[in-house]
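S.K.: Below: one structure in structure tokens.
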Amino acid sequence: MALSHSMLAVEISQPGGPDVLQPVSVPVPVPGHGQIIIRVAYAGVNRPDALQRAGMYAPPASASPLPGLECSGTVVEVGPGVSRWQIGDQVCALLPGGGYAEYVATHESHALPIPRGLSLRDAACLPETCFTVWSNVVMRGGLQAGERFLVHGGTSGIGTTAIQIAQALGARVFATAGSDDKVQVCRDLGAEVALNYRNEDFVQVLRDAGGANLILDMVGGPYIERNLKALADDGRLVQIAFLQGPKVTLNWAELMTRRLTFTGSTLRPQSDLAKARIAREVEAHVWPMIERGAFRVVLDSEYSLADAPAAHWRIEAEGHVGKIVLKVET
């Protein structure tokens, strides 16, 4: 199909608060080798978008400077070397950037079919969190059935995804959240134990239970030392963000004496091949969970593309539960 030469997008006009997100007309991307162009129906809103907007998370040099790391929509153009997708296919996709726009380019291996029975809106909530959780909890963290698994921020997009995937894998799930209402959400999603971190000590609770075999953390800062204390011997701590800072003073001897593993990753800078491997695993293991009803999307709210600043205010207010999306296609 013949695409228009320009499209509506939302750009980061300068580093700052949500109000720096501004509508703009920009050229429609041209697919490179192995890339597809997606007409975006919905774009997911994630905390890395807010960090990029604030000037704290620069996109890779080869990526679009526009925010937006996941979307759903329809393939409208394919580049040379594309073999899986055809024009008209509906997909959801992990993006290197550029999701806050009417059209976006991504590598064909980073796009997945819409899970059976799922809407385009719900499918836009999947790629960033599913890729992140599966690669860190399973591929890196090695979670096994019967293990005690702790995730912080249990009602975030990452948290709601991690609780359900871990529960579906047969793990014993522990979660933290910042209010009693959010604690109940974690329990409803499958957490065996959910704690209000404002008035409960997760370290003591986990130690009383025998220690966590695996912890997924995005808080960092003082949580790092507490997480290590909450681990069982031979436990693993996987770090995916540092909302309270990356610099702490620790007694690292504990890692040796208790045989602990401290690792982590961030998704966006990884190679196309690495992301393609994650995509294959997500499609093989997570998509069946969704289709059999073991994992459902938790949607907090929907905004129009023009209301992207309001979506960022929502995610930064920390009152949301689950995912936030922008409706792009009208």
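By convention in this document, the chains of the structure tokens carry letters A, B, ... by their order, each chain's residues are numbered from 1, and ligands are numbered from 1 in the order they are shown.
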List every residue of stretch 66-167 of chain A that has an atom at most 8 Å from any atom of stretch 262-267 of chain A, giving for each one its closest atom pair and the distance in Å to one decimal, counting only C-alpha atoms, sorted by chain and then by ascending residue number, as JSON lines.
M.R.:
```
{"residue": "A:Phe131", "atom": "CA", "partner": "A:Leu267", "partner_atom": "CA", "distance": 8.0}
{"residue": "A:Thr132", "atom": "CA", "partner": "A:Leu267", "partner_atom": "CA", "distance": 6.5}
{"residue": "A:Asn136", "atom": "CA", "partner": "A:Gly264", "partner_atom": "CA", "distance": 7.2}
{"residue": "A:Arg140", "atom": "CA", "partner": "A:Gly264", "partner_atom": "CA", "distance": 7.9}
```
S.K.: From the options A:His312, A:Lys182, A:Arg47, A:Arg207, which residue's atoms come nearest to A:Gly154, counting only C-alpha atoms?
M.R.: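 Between A:His312, A:Lys182, A:Arg47, A:Arg207, the residue approaching A:Gly154 most closely is A:Lys182.
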S.K.: Quick one: everything within 12 Å of stretch 252-258 of chain A, counting only C-alpha atoms, minus sequence neighbours fewer than 2 positions away in the same chain. Send it as a ChimeraX atom specification.
M.R.: /A:211,224-225,227-237,248-250,260-263
S.K.: If DSSP is run on the backbone, what residues of stretch 106-214 of chain A are helix (DSSP H, G or I)? A reply as a VMD selection string would be ideal.
M.R.: chain A and resid 108 to 110 120 to 123 127 to 140 157 to 168 180 to 189 202 to 208
